[in-house]
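What follows is a short report on a single structure.
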Amino acid sequence: MVEKTRDEESATMQSNELKRKKRIKLAIYIAIFAVFQIIVITVFGLVIMRAKSPKVRLSNNIEFHNLNIVNSGSSSTSFDITFATQVRVKNSNFGPYKFENTTATFTYGGATVGQVIIPKGKAGLKSTKKINVVVTLSSSQLPNTADLGRELTAGTLTFGGTARTTGKVELMLIMKKKKSANMDCTIIIDVNQKKLRSLECK
């Protein structure tokens with residue numbers, strides 16, 4: 001009878017021990033799951049749901065259709081240039097970037113010498129939207145051509161190209177954040193070779 005009681009007590013203790021171990025395991029699993037959820041939510045908030053500003057750049061693949069340059073004295077110095085290129089809107093977000101119409105402005109010596117419309121569009125998630133444009137630049141819009149003559153004598157023409165797109169990044173189909181993108185490019189044309197010497201955008 002005593003042995004039976006001891007066996008029962010031993011079985012009861014083993015059962016309680018098993019239950020205690022199961023509760024500990026369950027608590028550990030719940031803690032691991034909670035930590036995992038916190039990590040997932042943190043990564044989701046910091047990486048996926050954080051909207052980054054897109055980038056707008058000119059392609060350095062410029063094809064000249066017309067490159068008419070005259071340098072025969074300050075009074076008759078002029079240029080008329082037409083070239084085809086691409087405006088590239090790079091979107092590094094986990095959602096599409098929809099942007100509105102904007103105007104790219106090209107300058108020489110701070111004066112506007114040409115403009116081109118960048119039509120509204122959409123750059124998909126983690127992708128680049130490429131827009132073909134034809135740009136026409138003319139010295140007829142310059143207030144004076146004194147500096148132009150000096151630069152042409154050196155064999156180059158330097159232009160600036162700027163634009164600012166505005167739009168919204170759509171994240172997970174539920175959140176839209178306003179974002180703008182700026183283009184600031186310097187274009188240097190080799191007058192003697194009649195080709196692009198360099199293009200830098202930031």
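For the structure tokens, the naming scheme is as follows: chains receive sequential letters (A, B, ...) according to their order of presentation, residues are indexed from 1 within each chain, and ligands are indexed from 1 in presentation order.
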
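Running DSSP on the backbone gives strand (DSSP E or B) for these residues within stretch 142-176 of chain A: Thr156, Leu157, Thr158, Phe159, Gly160, Gly161, Thr162, Ala163, Arg164, Thr165, Thr166, Gly167, Lys168, Val169, Glu170, Leu171, Met175 and Lys176 of chain A.
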
Leaving out A:Ile189 and any residue of its chain fewer than 6 positions from it, which residues lie within 9 Å of it when counting only C-alpha atoms, given as an NGL selection string?
-> :A and (155-159 or 195-199)

Residue nearest A:Leu173 - candidates A:Leu148, A:Val133, A:Val35, A:Leu125, atoms counted: only C-alpha atoms = A:Leu125

Pick the closest to A:Tyr97 from A:Asn61, A:Thr12, A:Ser127, A:Thr112: which is it, counting only C-alpha atoms?
-> A:Ser127

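Distances from A:Val56, A:Ile39, A:Ile62, A:Leu152 to A:Val87 were compared using only C-alpha atoms, and the smallest one belongs to A:Val56.
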
Spatial neighbours of A:Ala163, max dist 6 Å, only C-alpha atoms, sep filter under 3 positions, as a ChimeraX atom specification = /A:104,182-183

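The residue that comes closest to A:Phe99, out of A:Thr145, A:Thr162, A:Asn192, A:Ser53 and on the basis of only C-alpha atoms, is A:Ser53.
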
Members of stretch 121-180 of chain A assigned helix (DSSP H, G or I) by DSSP, as a ChimeraX atom specification | /A:139-141,146-154

N, CA, C and O atoms of the current selection, written as a PDB file, in the first residue's frame:
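File produced: out.pdb:
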```
ATOM      1  N   SER A 139      20.741  80.348 -79.132  1.00  0.00           N
ATOM      2  CA  SER A 139      21.372  81.541 -78.547  1.00  0.00           C
ATOM      3  C   SER A 139      20.537  82.800 -78.777  1.00  0.00           C
ATOM      4  O   SER A 139      20.861  83.866 -78.243  1.00  0.00           O
ATOM      5  N   SER A 140      19.461  82.689 -79.563  1.00  0.00           N
ATOM      6  CA  SER A 140      18.622  83.867 -79.829  1.00  0.00           C
ATOM      7  C   SER A 140      17.978  84.394 -78.545  1.00  0.00           C
ATOM      8  O   SER A 140      17.526  85.541 -78.496  1.00  0.00           O
ATOM      9  N   GLN A 141      17.943  83.556 -77.496  1.00  0.00           N
ATOM     10  CA  GLN A 141      17.338  83.984 -76.228  1.00  0.00           C
ATOM     11  C   GLN A 141      18.360  84.598 -75.272  1.00  0.00           C
ATOM     12  O   GLN A 141      18.009  85.030 -74.171  1.00  0.00           O
ATOM     13  N   ALA A 146      28.822  87.883 -75.668  1.00  0.00           N
ATOM     14  CA  ALA A 146      30.254  88.142 -75.456  1.00  0.00           C
ATOM     15  C   ALA A 146      30.949  86.922 -74.860  1.00  0.00           C
ATOM     16  O   ALA A 146      31.995  86.482 -75.353  1.00  0.00           O
ATOM     17  N   ASP A 147      30.365  86.357 -73.809  1.00  0.00           N
ATOM     18  CA  ASP A 147      30.956  85.171 -73.180  1.00  0.00           C
ATOM     19  C   ASP A 147      30.914  83.973 -74.112  1.00  0.00           C
ATOM     20  O   ASP A 147      31.807  83.120 -74.089  1.00  0.00           O
ATOM     21  N   LEU A 148      29.866  83.909 -74.940  1.00  0.00           N
ATOM     22  CA  LEU A 148      29.716  82.794 -75.870  1.00  0.00           C
ATOM     23  C   LEU A 148      30.892  82.742 -76.839  1.00  0.00           C
ATOM     24  O   LEU A 148      31.449  81.670 -77.101  1.00  0.00           O
ATOM     25  N   GLY A 149      31.298  83.895 -77.361  1.00  0.00           N
ATOM     26  CA  GLY A 149      32.417  83.934 -78.302  1.00  0.00           C
ATOM     27  C   GLY A 149      33.702  83.425 -77.670  1.00  0.00           C
ATOM     28  O   GLY A 149      34.456  82.675 -78.294  1.00  0.00           O
ATOM     29  N   ARG A 150      33.951  83.821 -76.416  1.00  0.00           N
ATOM     30  CA  ARG A 150      35.170  83.384 -75.729  1.00  0.00           C
ATOM     31  C   ARG A 150      35.175  81.872 -75.501  1.00  0.00           C
ATOM     32  O   ARG A 150      36.198  81.219 -75.683  1.00  0.00           O
ATOM     33  N   GLU A 151      34.036  81.323 -75.127  1.00  0.00           N
ATOM     34  CA  GLU A 151      33.986  79.877 -74.868  1.00  0.00           C
ATOM     35  C   GLU A 151      34.116  79.091 -76.170  1.00  0.00           C
ATOM     36  O   GLU A 151      34.788  78.058 -76.222  1.00  0.00           O
ATOM     37  N   LEU A 152      33.475  79.579 -77.228  1.00  0.00           N
ATOM     38  CA  LEU A 152      33.571  78.879 -78.513  1.00  0.00           C
ATOM     39  C   LEU A 152      35.009  78.866 -79.023  1.00  0.00           C
ATOM     40  O   LEU A 152      35.455  77.889 -79.632  1.00  0.00           O
ATOM     41  N   THR A 153      35.736  79.927 -78.761  1.00  0.00           N
ATOM     42  CA  THR A 153      37.144  79.973 -79.159  1.00  0.00           C
ATOM     43  C   THR A 153      37.939  78.888 -78.443  1.00  0.00           C
ATOM     44  O   THR A 153      38.880  78.307 -78.994  1.00  0.00           O
ATOM     45  N   ALA A 154      37.521  78.575 -77.191  1.00  0.00           N
ATOM     46  CA  ALA A 154      38.173  77.506 -76.422  1.00  0.00           C
ATOM     47  C   ALA A 154      37.716  76.120 -76.872  1.00  0.00           C
ATOM     48  O   ALA A 154      38.277  75.112 -76.445  1.00  0.00           O
TER      49      ALA A 154
END
```

All residues 12 Å or closer to A:Lys179, only C-alpha atoms, same chain fewer than 6 positions away omitted, as number ranges by chain = A: 50-55, 91, 93, 96-100, 164-170

C-alpha atoms of the current selection, written as a short mmCIF file (atom, residue, chain, number, x, y, z; two decimals), in the first residue's frame:
```cif
data_model
loop_
_atom_site.label_atom_id
_atom_site.label_comp_id
_atom_site.auth_asym_id
_atom_site.auth_seq_id
_atom_site.Cartn_x
_atom_site.Cartn_y
_atom_site.Cartn_z
CA ARG A 50 9.97 54.63 -45.70
CA ALA A 51 9.54 56.66 -48.86
CA LYS A 52 12.77 57.77 -50.51
CA SER A 53 13.05 60.70 -52.91
CA PRO A 54 13.30 59.50 -56.54
CA LYS A 55 16.11 60.71 -58.78
CA ASN A 91 12.40 55.05 -58.16
CA ASN A 93 10.87 52.58 -53.32
CA PRO A 96 5.22 53.05 -57.70
CA TYR A 97 6.02 56.74 -58.03
CA LYS A 98 3.43 58.74 -59.99
CA PHE A 99 4.63 62.17 -61.09
CA GLU A 100 2.99 65.16 -62.77
CA ARG A 164 11.84 69.25 -60.56
CA THR A 165 9.19 66.55 -60.59
CA THR A 166 6.45 66.32 -58.00
CA GLY A 167 4.31 63.29 -57.29
CA LYS A 168 3.38 60.56 -54.83
CA VAL A 169 4.92 57.25 -53.82
CA GLU A 170 2.30 54.56 -53.18
#
```

Just the residues within 6 Å of A:Cys185, please, counting only C-alpha atoms, with nothing from its chain fewer than 5 positions along; format it as number ranges by chain.
-> A: 160-161, 200-201

Find the spatial neighbours of A:Ile131, counting only C-alpha atoms, within a cut-off of 9 Å - ignore same-chain residues fewer than 5 positions away - and output them as a PyMOL selection string.
-> chain A and resi 85-89+118-119+121

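In terms of minimum interatomic distance to A:Phe79, A:Ser138 ranks closest within A:Ser138, A:Ile187, A:Ser92, A:Met172, counting only C-alpha atoms.
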
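In this structure, atom CA of A:Lys90 sits 8.1 Å away from atom CA of A:Arg57.
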